[in-house]
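Asker: File run_36.pdb below, PDB, C-alpha atoms:
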ATOM      1  CA  ASN A 839     123.742 108.334 108.348
ATOM      2  CA  ALA A 840     120.242 106.883 107.958
ATOM      3  CA  GLY A 841     118.704 108.314 111.169
ATOM      4  CA  VAL A 842     115.691 106.330 112.383
ATOM      5  CA  THR A 843     114.630 103.449 110.148
ATOM      6  CA  GLN A 844     111.315 101.654 110.502
ATOM      7  CA  THR A 845     110.243  98.435 108.800
ATOM      8  CA  PRO A 846     107.889  97.463 107.344
ATOM      9  CA  LYS A 847     106.275 100.608 105.957
ATOM     10  CA  PHE A 848     102.966  98.837 105.384
ATOM     11  CA  GLN A 849     101.483  95.679 106.902
ATOM     12  CA  VAL A 850      98.097  93.982 106.851
ATOM     13  CA  LEU A 851      97.294  91.481 109.578
ATOM     14  CA  LYS A 852      94.348  89.332 110.492
ATOM     15  CA  THR A 853      92.904  89.517 113.976
ATOM     16  CA  GLY A 854      94.923  87.350 116.336
ATOM     17  CA  GLN A 855      98.109  87.309 114.288
ATOM     18  CA  SER A 856     101.367  88.479 115.776
ATOM     19  CA  MET A 857     104.064  90.640 114.295
ATOM     20  CA  THR A 858     107.000  92.856 115.125
ATOM     21  CA  LEU A 859     107.578  96.400 113.947
ATOM     22  CA  GLN A 860     111.280  97.068 113.675
ATOM     23  CA  CYS A 861     113.013 100.311 114.592
ATOM     24  CA  ALA A 862     116.717 101.008 114.293
ATOM     25  CA  GLN A 863     118.752 104.168 114.759
ATOM     26  CA  ASP A 864     122.379 104.842 113.928
ATOM     27  CA  MET A 865     122.860 108.015 115.980
ATOM     28  CA  ASN A 866     123.916 106.268 119.217
ATOM     29  CA  HIS A 867     120.856 107.674 120.979
ATOM     30  CA  GLU A 868     120.062 106.316 124.406
ATOM     31  CA  TYR A 869     116.377 107.238 124.320
ATOM     32  CA  MET A 870     113.912 105.523 121.976
ATOM     33  CA  SER A 871     110.141 105.469 121.922
ATOM     34  CA  TRP A 872     107.093 104.238 120.036
ATOM     35  CA  TYR A 873     103.982 106.285 119.234
ATOM     36  CA  ARG A 874     100.766 105.490 117.483
ATOM     37  CA  GLN A 875      98.805 108.042 115.500
ATOM     38  CA  ASP A 876      95.117 107.720 114.811
ATOM     39  CA  PRO A 877      93.014 110.179 112.800
ATOM     40  CA  GLY A 878      92.247 113.302 114.824
ATOM     41  CA  MET A 879      94.102 112.076 117.920
ATOM     42  CA  GLY A 880      97.657 113.289 117.538
ATOM     43  CA  LEU A 881     100.447 110.965 118.697
ATOM     44  CA  ARG A 882     100.117 108.767 121.747
ATOM     45  CA  LEU A 883     103.112 107.270 123.525
ATOM     46  CA  ILE A 884     103.101 103.448 123.709
ATOM     47  CA  HIS A 885     106.445 102.491 125.256
ATOM     48  CA  TYR A 886     109.824 104.089 125.682
ATOM     49  CA  SER A 887     113.372 103.146 126.636
ATOM     50  CA  VAL A 888     116.143 105.200 128.187
ATOM     51  CA  GLY A 889     118.879 102.706 127.366
ATOM     52  CA  ALA A 890     119.674  99.072 126.626
ATOM     53  CA  GLY A 891     117.841  96.799 129.042
ATOM     54  CA  ILE A 892     115.490  99.536 130.287
ATOM     55  CA  THR A 893     111.913  99.989 129.076
ATOM     56  CA  ASP A 894     108.791 101.591 130.475
ATOM     57  CA  GLN A 895     105.148 102.131 129.605
ATOM     58  CA  GLY A 896     103.683 105.201 128.004
ATOM     59  CA  GLU A 897     100.055 106.300 127.708
ATOM     60  CA  VAL A 898      98.685 103.340 125.744
ATOM     61  CA  PRO A 899     100.860 100.240 126.408
ATOM     62  CA  ASN A 900      98.182  97.523 126.429
ATOM     63  CA  GLY A 901      98.546  94.973 123.641
ATOM     64  CA  TYR A 902     102.175  95.866 122.920
ATOM     65  CA  ASN A 903     105.510  94.536 124.132
ATOM     66  CA  VAL A 904     108.968  95.995 123.731
ATOM     67  CA  SER A 905     112.534  95.077 124.540
ATOM     68  CA  ARG A 906     115.848  96.897 124.190
ATOM     69  CA  SER A 907     118.754  94.488 123.892
ATOM     70  CA  THR A 908     120.993  96.943 122.025
ATOM     71  CA  THR A 909     121.294 100.709 121.834
ATOM     72  CA  GLU A 910     120.426 100.654 118.132
ATOM     73  CA  ASP A 911     117.224  98.597 118.067
ATOM     74  CA  PHE A 912     113.824  98.963 119.720
ATOM     75  CA  PRO A 913     111.261  96.513 118.263
ATOM     76  CA  LEU A 914     107.542  96.767 119.012
ATOM     77  CA  ARG A 915     105.657  93.470 119.248
ATOM     78  CA  LEU A 916     101.964  92.858 118.793
ATOM     79  CA  LEU A 917     101.272  89.415 120.279
ATOM     80  CA  SER A 918      97.646  89.114 119.178
ATOM     81  CA  ALA A 919      96.596  91.876 116.827
ATOM     82  CA  ALA A 920      93.186  93.498 117.179
ATOM     83  CA  PRO A 921      91.330  95.864 114.809
ATOM     84  CA  SER A 922      91.755  98.615 117.429
ATOM     85  CA  GLN A 923      95.486  98.463 116.732
ATOM     86  CA  THR A 924      94.991  99.657 113.176
ATOM     87  CA  SER A 925      97.084 102.793 113.143
ATOM     88  CA  VAL A 926     100.247 104.478 111.952
ATOM     89  CA  TYR A 927     103.184 103.742 114.227
ATOM     90  CA  PHE A 928     106.161 106.034 114.666
ATOM     91  CA  CYS A 929     109.459 105.280 116.298
ATOM     92  CA  ALA A 930     111.549 108.142 117.684
ATOM     93  CA  SER A 931     114.943 108.547 119.270
ATOM     94  CA  SER A 932     116.740 111.239 121.174
ATOM     95  CA  TYR A 933     120.133 111.806 122.672
ATOM     96  CA  GLU A 934     118.771 113.190 125.911
ATOM     97  CA  GLY A 935     115.331 111.611 126.127
ATOM     98  CA  GLY A 936     112.482 113.702 127.420
ATOM     99  CA  THR A 937     114.675 116.636 128.306
ATOM    100  CA  ALA A 938     115.571 119.510 126.066
ATOM    101  CA  GLY A 939     116.660 116.916 123.538
ATOM    102  CA  GLU A 940     115.223 116.857 120.036
ATOM    103  CA  LEU A 941     113.203 113.796 119.041
ATOM    104  CA  PHE A 942     114.065 112.257 115.664
ATOM    105  CA  PHE A 943     111.235 110.305 114.068
ATOM    106  CA  GLY A 944     111.123 107.515 111.532
ATOM    107  CA  GLU A 945     108.842 107.628 108.503
ATOM    108  CA  GLY A 946     106.181 105.485 110.103
ATOM    109  CA  SER A 947     104.670 102.026 109.694
ATOM    110  CA  ARG A 948     101.058 101.800 108.601
ATOM    111  CA  LEU A 949      99.338  98.762 110.122
ATOM    112  CA  THR A 950      95.895  97.486 109.215
ATOM    113  CA  VAL A 951      94.286  94.738 111.265
ATOM    114  CA  LEU A 952      91.313  93.028 109.625
TER     115      LEU A 952
ATOM    116  CA  LEU B1359     102.323 117.340 133.049
ATOM    117  CA  ALA B1360     101.275 120.703 131.726
ATOM    118  CA  LYS B1361      98.368 120.459 129.313
ATOM    119  CA  THR B1362      98.583 122.449 126.091
ATOM    120  CA  THR B1363      95.742 124.016 124.134
ATOM    121  CA  GLN B1364      96.115 125.215 120.561
ATOM    122  CA  PRO B1365      93.702 125.940 117.713
ATOM    123  CA  ILE B1366      92.568 122.902 115.757
ATOM    124  CA  SER B1367      93.133 124.519 112.383
ATOM    125  CA  MET B1368      94.216 127.721 110.648
ATOM    126  CA  ASP B1369      94.256 128.982 107.086
ATOM    127  CA  SER B1370      96.729 131.464 105.653
ATOM    128  CA  TYR B1371      97.601 132.867 102.253
ATOM    129  CA  GLU B1372     101.024 132.412 100.774
ATOM    130  CA  GLY B1373     103.502 135.104 101.755
ATOM    131  CA  GLN B1374     101.769 135.983 105.003
ATOM    132  CA  GLU B1375     103.227 135.651 108.485
ATOM    133  CA  VAL B1376     101.463 132.986 110.524
ATOM    134  CA  ASN B1377     101.256 133.016 114.301
ATOM    135  CA  ILE B1378     100.077 129.919 116.150
ATOM    136  CA  THR B1379      99.428 130.397 119.834
ATOM    137  CA  CYS B1380      99.596 127.654 122.426
ATOM    138  CA  SER B1381      98.236 127.901 125.943
ATOM    139  CA  HIS B1382      99.971 126.033 128.796
ATOM    140  CA  ASN B1383      98.612 127.484 132.024
ATOM    141  CA  ASN B1384     100.107 124.791 134.278
ATOM    142  CA  ILE B1385     103.661 125.069 133.026
ATOM    143  CA  ALA B1386     106.266 124.355 135.706
ATOM    144  CA  THR B1387     109.648 125.871 136.402
ATOM    145  CA  ASN B1388     111.645 123.121 134.692
ATOM    146  CA  ASP B1389     109.453 122.893 131.597
ATOM    147  CA  TYR B1390     110.601 123.803 128.107
ATOM    148  CA  ILE B1391     108.251 124.703 125.252
ATOM    149  CA  THR B1392     108.866 122.769 122.070
ATOM    150  CA  TRP B1393     107.251 122.847 118.646
ATOM    151  CA  TYR B1394     107.175 120.099 116.017
ATOM    152  CA  GLN B1395     105.956 120.071 112.410
ATOM    153  CA  GLN B1396     104.397 117.075 110.699
ATOM    154  CA  PHE B1397     103.767 116.703 106.976
ATOM    155  CA  PRO B1398     101.275 114.102 105.723
ATOM    156  CA  SER B1399     102.642 110.557 105.774
ATOM    157  CA  GLN B1400     105.789 111.623 107.634
ATOM    158  CA  GLY B1401     106.974 111.621 111.215
ATOM    159  CA  PRO B1402     107.060 114.897 113.178
ATOM    160  CA  ARG B1403     110.107 117.124 112.833
ATOM    161  CA  PHE B1404     111.543 119.366 115.549
ATOM    162  CA  ILE B1405     111.192 123.064 114.732
ATOM    163  CA  ILE B1406     112.159 125.113 117.744
ATOM    164  CA  GLN B1407     112.418 125.089 121.521
ATOM    165  CA  GLY B1408     112.550 127.796 124.168
ATOM    166  CA  TYR B1409     112.295 128.554 127.866
ATOM    167  CA  LYS B1410     111.447 132.250 127.958
ATOM    168  CA  THR B1411     111.523 135.461 125.884
ATOM    169  CA  LYS B1412     112.279 134.940 122.210
ATOM    170  CA  VAL B1413     114.075 132.259 120.246
ATOM    171  CA  THR B1414     114.702 132.452 116.511
ATOM    172  CA  ASN B1415     116.189 130.007 114.026
ATOM    173  CA  GLU B1416     116.221 129.683 110.262
ATOM    174  CA  VAL B1417     112.712 128.232 110.221
ATOM    175  CA  ALA B1418     110.649 130.066 112.842
ATOM    176  CA  SER B1419     110.518 132.295 115.882
ATOM    177  CA  LEU B1420     109.130 131.400 119.271
ATOM    178  CA  PHE B1421     107.765 134.088 121.573
ATOM    179  CA  ILE B1422     107.254 133.318 125.258
ATOM    180  CA  PRO B1423     105.899 135.984 127.623
ATOM    181  CA  ALA B1424     107.266 136.468 131.103
ATOM    182  CA  ASP B1425     104.566 134.361 132.802
ATOM    183  CA  ARG B1426     105.229 131.500 130.330
ATOM    184  CA  LYS B1427     101.565 130.520 130.343
ATOM    185  CA  SER B1428     101.413 130.738 126.575
ATOM    186  CA  SER B1429     103.736 130.741 123.590
ATOM    187  CA  THR B1430     103.475 131.779 119.959
ATOM    188  CA  LEU B1431     105.128 130.081 117.023
ATOM    189  CA  SER B1432     105.720 132.553 114.214
ATOM    190  CA  LEU B1433     106.326 131.399 110.643
ATOM    191  CA  PRO B1434     107.483 134.237 108.377
ATOM    192  CA  ARG B1435     106.122 134.457 104.828
ATOM    193  CA  VAL B1436     104.620 130.996 104.575
ATOM    194  CA  SER B1437     104.586 129.008 101.359
ATOM    195  CA  LEU B1438     102.452 126.077 100.231
ATOM    196  CA  SER B1439     105.119 123.721 101.552
ATOM    197  CA  ASP B1440     104.419 124.943 105.093
ATOM    198  CA  THR B1441     101.039 123.201 105.011
ATOM    199  CA  ALA B1442     101.352 120.776 107.912
ATOM    200  CA  VAL B1443     100.263 120.004 111.444
ATOM    201  CA  TYR B1444     102.116 121.938 114.152
ATOM    202  CA  TYR B1445     102.400 120.525 117.652
ATOM    203  CA  CYS B1446     103.100 122.491 120.811
ATOM    204  CA  LEU B1447     104.656 120.439 123.605
ATOM    205  CA  VAL B1448     105.735 121.144 127.134
ATOM    206  CA  VAL B1449     108.797 119.052 127.880
ATOM    207  CA  ILE B1450     109.945 118.424 131.409
ATOM    208  CA  ILE B1451     113.678 118.272 131.938
ATOM    209  CA  GLY B1452     114.683 114.749 132.896
ATOM    210  CA  TYR B1453     111.209 113.310 132.313
ATOM    211  CA  GLN B1454     111.015 110.729 129.591
ATOM    212  CA  LYS B1455     107.323 110.720 128.726
ATOM    213  CA  VAL B1456     107.078 113.156 125.844
ATOM    214  CA  THR B1457     103.426 113.539 124.922
ATOM    215  CA  PHE B1458     101.826 115.205 121.918
ATOM    216  CA  GLY B1459      98.392 116.792 121.625
ATOM    217  CA  THR B1460      96.312 116.955 118.451
ATOM    218  CA  GLY B1461      98.175 119.949 117.039
ATOM    219  CA  THR B1462      97.133 122.775 114.723
ATOM    220  CA  LYS B1463      96.502 121.955 111.082
ATOM    221  CA  LEU B1464      97.815 124.842 109.000
ATOM    222  CA  GLN B1465      96.552 125.120 105.447
ATOM    223  CA  VAL B1466      98.419 127.570 103.222
ATOM    224  CA  ILE B1467      96.292 128.862 100.361
ATOM    225  CA  PRO B1468      97.733 130.060  97.026
TER     226      PRO B1468
END
Would you mind writing the file out in structure tokens?

Answerer:
Amino acid sequence: NAGVTQTPKFQVLKTGQSMTLQCAQDMNHEYMSWYRQDPGMGLRLIHYSVGAGITDQGEVPNGYNVSRSTTEDFPLRLLSAAPSQTSVYFCASSYEGGTAGELFFGEGSRLTVL
Amino acid sequence: LAKTTQPISMDSYEGQEVNITCSHNNIATNDYITWYQQFPSQGPRFIIQGYKTKVTNEVASLFIPADRKSSTLSLPRVSLSDTAVYYCLVVIIGYQKVTFGTGTKLQVIP
């Protein structure tokens, strides 16, 4: 049981490049979400999904796209990377979503945009 | 969404009990209080959750007064490995946007 797995762990991009951060969970959780963490700012919610085919925006969705074609996977896409997107990204999943359910986090993906 | 306020940082010596208080004046009837712990270079980890009075597990205790406008996370006899950032969240039942603040950075000193 791997929990929440994020890849890659580290990535360096040039401004304007695109990439996808992968997130997979093997706990059959319906709820999945993406956060970014910048120094001194805690975690900010980017996008979330309450099940396959259903996604919605969080606090800071601009510049990011998501899709949820399966229960297991929730990729985060940067279509045209900008230096402001340099951050550590965390994927999380939960059985019950934003209820009393516990959020399980991945180990993070550190992205640097030059 | 209820806003939470907690100290930015705290220091404690090893072996002491640490109490981190969180203020959530606008908490609503359906809100739960949840605490997470985050070590450097790791994702946050759920510690404890409660609605009112006291909740205890193998890691911590959570004290919530009757008016629920604040809560206190209590860590008994901390060790160096408890050095981390602790986040207080107010989670609304059935609401999917789970938001984190900046947390409290706890430094345990030998």

Asker: If I take atom CA of B:Phe1397 and atom CA of B:Gly1461, how far is one from the other in Å, to one decimal?

Answerer: 12.0 Å

Asker: Between atom CA of B:Ser1381 and atom CA of B:Pro1402, what is the distance in Å, rounded to a tenth?

Answerer: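 Separation of atom CA of B:Ser1381 and atom CA of B:Pro1402: 20.2 Å.
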
Asker: Could you work out how far atom CA of B:Ala1442 lies from atom CA of B:Lys1463, giving the answer in Å with one decimal?

Answerer: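 Answer for the atom CA of B:Lys1463 to atom CA of B:Ala1442 separation: 5.9 Å.
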
Asker: Excluding same-chain residues fewer than 2 positions from A:Thr909, what lies within 12 Å of it counting all atoms listed in the file, as a list in words?

Answerer: Cys861, Ala862, Gln863, Asp864, Met865, Asn866, His867, Glu868, Tyr869, Met870, Ser887, Val888, Gly889, Ala890, Gly891, Ile892, Thr893, Ser905, Arg906, Ser907, Asp911, Phe912, Pro913, Ser931, Ser932 and Tyr933 of chain A

Asker: Counting all atoms listed in the file, what is within 12 Å of stretch 846-855 of chain A, bar same-chain residues fewer than 6 positions away, as JSON, numbers by chain?

Answerer: {"A": [861, 862, 901, 913, 914, 915, 916, 917, 918, 919, 920, 921, 922, 923, 924, 925, 926, 927, 928, 929, 944, 945, 946, 947, 948, 949, 950, 951, 952], "B": [1399, 1400]}

Asker: For this file, the ChimeraX specification (/A :<12) & /B selects which residues, as number ranges by chain?

Answerer: B: 1366-1367, 1388-1409, 1443-1463

Asker: Carefully work through the PyMOL selection byres ((chain B and resi 1468) around 6) for this structure and note down the residues it includes, as a PyMOL selection string.

Answerer: chain B and resi 1371-1372+1467

Asker: Assuming the chain letters and numbering stay as they are in my file, what does the PyMOL selection byres ((chain B and resi 1415-1422) around 9) actually select? List them as a list in words.

Answerer: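 When the PyMOL selection byres ((chain B and resi 1415-1422) around 9) is applied to the shown file, the picked residues are Ile1391, Trp1393, Ile1405, Ile1406, Gln1407, Gly1408, Tyr1409, Lys1410, Thr1411, Lys1412, Val1413, Thr1414, Pro1423, Ala1424, Asp1425, Arg1426, Lys1427, Ser1428, Ser1429, Thr1430, Leu1431, Ser1432, Leu1433 and Pro1434 of chain B.
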
Asker: Quick one: stretch 1374-1403 of chain B with N, CA and C atoms, as an mmCIF file, keeping the file's coordinate frame?

Answerer:
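Wrote out30.cif, looks like this:
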data_model
loop_
_atom_site.group_PDB
_atom_site.id
_atom_site.type_symbol
_atom_site.label_atom_id
_atom_site.label_comp_id
_atom_site.auth_asym_id
_atom_site.auth_seq_id
_atom_site.Cartn_x
_atom_site.Cartn_y
_atom_site.Cartn_z
ATOM 1 N N GLN B 1374 102.141 135.356 103.736
ATOM 2 C CA GLN B 1374 101.769 135.983 105.003
ATOM 3 C C GLN B 1374 102.581 135.399 106.151
ATOM 4 N N GLU B 1375 102.645 136.168 107.248
ATOM 5 C CA GLU B 1375 103.227 135.651 108.485
ATOM 6 C C GLU B 1375 102.119 134.928 109.251
ATOM 7 N N VAL B 1376 102.445 133.773 109.773
ATOM 8 C CA VAL B 1376 101.463 132.986 110.524
ATOM 9 C C VAL B 1376 101.918 132.884 111.977
ATOM 10 N N ASN B 1377 100.992 133.145 112.871
ATOM 11 C CA ASN B 1377 101.256 133.016 114.301
ATOM 12 C C ASN B 1377 100.312 131.982 114.896
ATOM 13 N N ILE B 1378 100.863 130.963 115.497
ATOM 14 C CA ILE B 1378 100.077 129.919 116.150
ATOM 15 C C ILE B 1378 100.340 130.008 117.646
ATOM 16 N N THR B 1379 99.284 130.229 118.392
ATOM 17 C CA THR B 1379 99.428 130.397 119.834
ATOM 18 C C THR B 1379 99.064 129.118 120.568
ATOM 19 N N CYS B 1380 99.811 128.839 121.603
ATOM 20 C CA CYS B 1380 99.596 127.654 122.426
ATOM 21 C C CYS B 1380 99.456 128.104 123.877
ATOM 22 N N SER B 1381 98.460 127.578 124.540
ATOM 23 C CA SER B 1381 98.236 127.901 125.943
ATOM 24 C C SER B 1381 98.726 126.752 126.814
ATOM 25 N N HIS B 1382 99.484 127.053 127.850
ATOM 26 C CA HIS B 1382 99.971 126.033 128.796
ATOM 27 C C HIS B 1382 99.977 126.645 130.180
ATOM 28 N N ASN B 1383 98.786 126.775 130.753
ATOM 29 C CA ASN B 1383 98.612 127.484 132.024
ATOM 30 C C ASN B 1383 99.338 126.833 133.184
ATOM 31 N N ASN B 1384 99.516 125.507 133.141
ATOM 32 C CA ASN B 1384 100.107 124.791 134.278
ATOM 33 C C ASN B 1384 101.595 124.527 134.118
ATOM 34 N N ILE B 1385 102.237 125.300 133.284
ATOM 35 C CA ILE B 1385 103.661 125.069 133.026
ATOM 36 C C ILE B 1385 104.459 125.232 134.317
ATOM 37 N N ALA B 1386 105.451 124.348 134.491
ATOM 38 C CA ALA B 1386 106.266 124.355 135.706
ATOM 39 C C ALA B 1386 107.647 124.951 135.423
ATOM 40 N N THR B 1387 108.362 125.174 136.496
ATOM 41 C CA THR B 1387 109.648 125.871 136.402
ATOM 42 C C THR B 1387 110.633 125.182 135.465
ATOM 43 N N ASN B 1388 110.655 123.858 135.485
ATOM 44 C CA ASN B 1388 111.645 123.121 134.692
ATOM 45 C C ASN B 1388 111.175 122.763 133.288
ATOM 46 N N ASP B 1389 110.018 123.256 132.896
ATOM 47 C CA ASP B 1389 109.453 122.893 131.597
ATOM 48 C C ASP B 1389 110.000 123.756 130.472
ATOM 49 N N TYR B 1390 110.250 123.115 129.331
ATOM 50 C CA TYR B 1390 110.601 123.803 128.107
ATOM 51 C C TYR B 1390 109.424 123.713 127.139
ATOM 52 N N ILE B 1391 109.310 124.691 126.264
ATOM 53 C CA ILE B 1391 108.251 124.703 125.252
ATOM 54 C C ILE B 1391 108.879 124.328 123.915
ATOM 55 N N THR B 1392 108.289 123.329 123.277
ATOM 56 C CA THR B 1392 108.866 122.769 122.070
ATOM 57 C C THR B 1392 107.799 122.671 120.991
ATOM 58 N N TRP B 1393 108.180 122.945 119.766
ATOM 59 C CA TRP B 1393 107.251 122.847 118.646
ATOM 60 C C TRP B 1393 107.794 121.862 117.604
ATOM 61 N N TYR B 1394 106.866 121.041 117.079
ATOM 62 C CA TYR B 1394 107.175 120.099 116.017
ATOM 63 C C TYR B 1394 106.247 120.365 114.836
ATOM 64 N N GLN B 1395 106.708 119.945 113.658
ATOM 65 C CA GLN B 1395 105.956 120.071 112.410
ATOM 66 C C GLN B 1395 105.801 118.680 111.818
ATOM 67 N N GLN B 1396 104.603 118.378 111.327
ATOM 68 C CA GLN B 1396 104.397 117.075 110.699
ATOM 69 C C GLN B 1396 103.701 117.228 109.354
ATOM 70 N N PHE B 1397 104.367 116.749 108.304
ATOM 71 C CA PHE B 1397 103.767 116.703 106.976
ATOM 72 C C PHE B 1397 103.001 115.389 106.832
ATOM 73 N N PRO B 1398 102.030 115.345 105.934
ATOM 74 C CA PRO B 1398 101.275 114.102 105.723
ATOM 75 C C PRO B 1398 102.195 112.933 105.401
ATOM 76 N N SER B 1399 101.910 111.798 106.004
ATOM 77 C CA SER B 1399 102.642 110.557 105.774
ATOM 78 C C SER B 1399 104.109 110.621 106.201
ATOM 79 N N GLN B 1400 104.434 111.543 107.095
ATOM 80 C CA GLN B 1400 105.789 111.623 107.634
ATOM 81 C C GLN B 1400 105.740 111.718 109.158
ATOM 82 N N GLY B 1401 106.872 111.421 109.783
ATOM 83 C CA GLY B 1401 106.974 111.621 111.215
ATOM 84 C C GLY B 1401 107.175 113.085 111.547
ATOM 85 N N PRO B 1402 106.847 113.506 112.775
ATOM 86 C CA PRO B 1402 107.060 114.897 113.178
ATOM 87 C C PRO B 1402 108.533 115.283 113.099
ATOM 88 N N ARG B 1403 108.757 116.594 112.920
ATOM 89 C CA ARG B 1403 110.107 117.124 112.833
ATOM 90 C C ARG B 1403 110.229 118.288 113.799
#
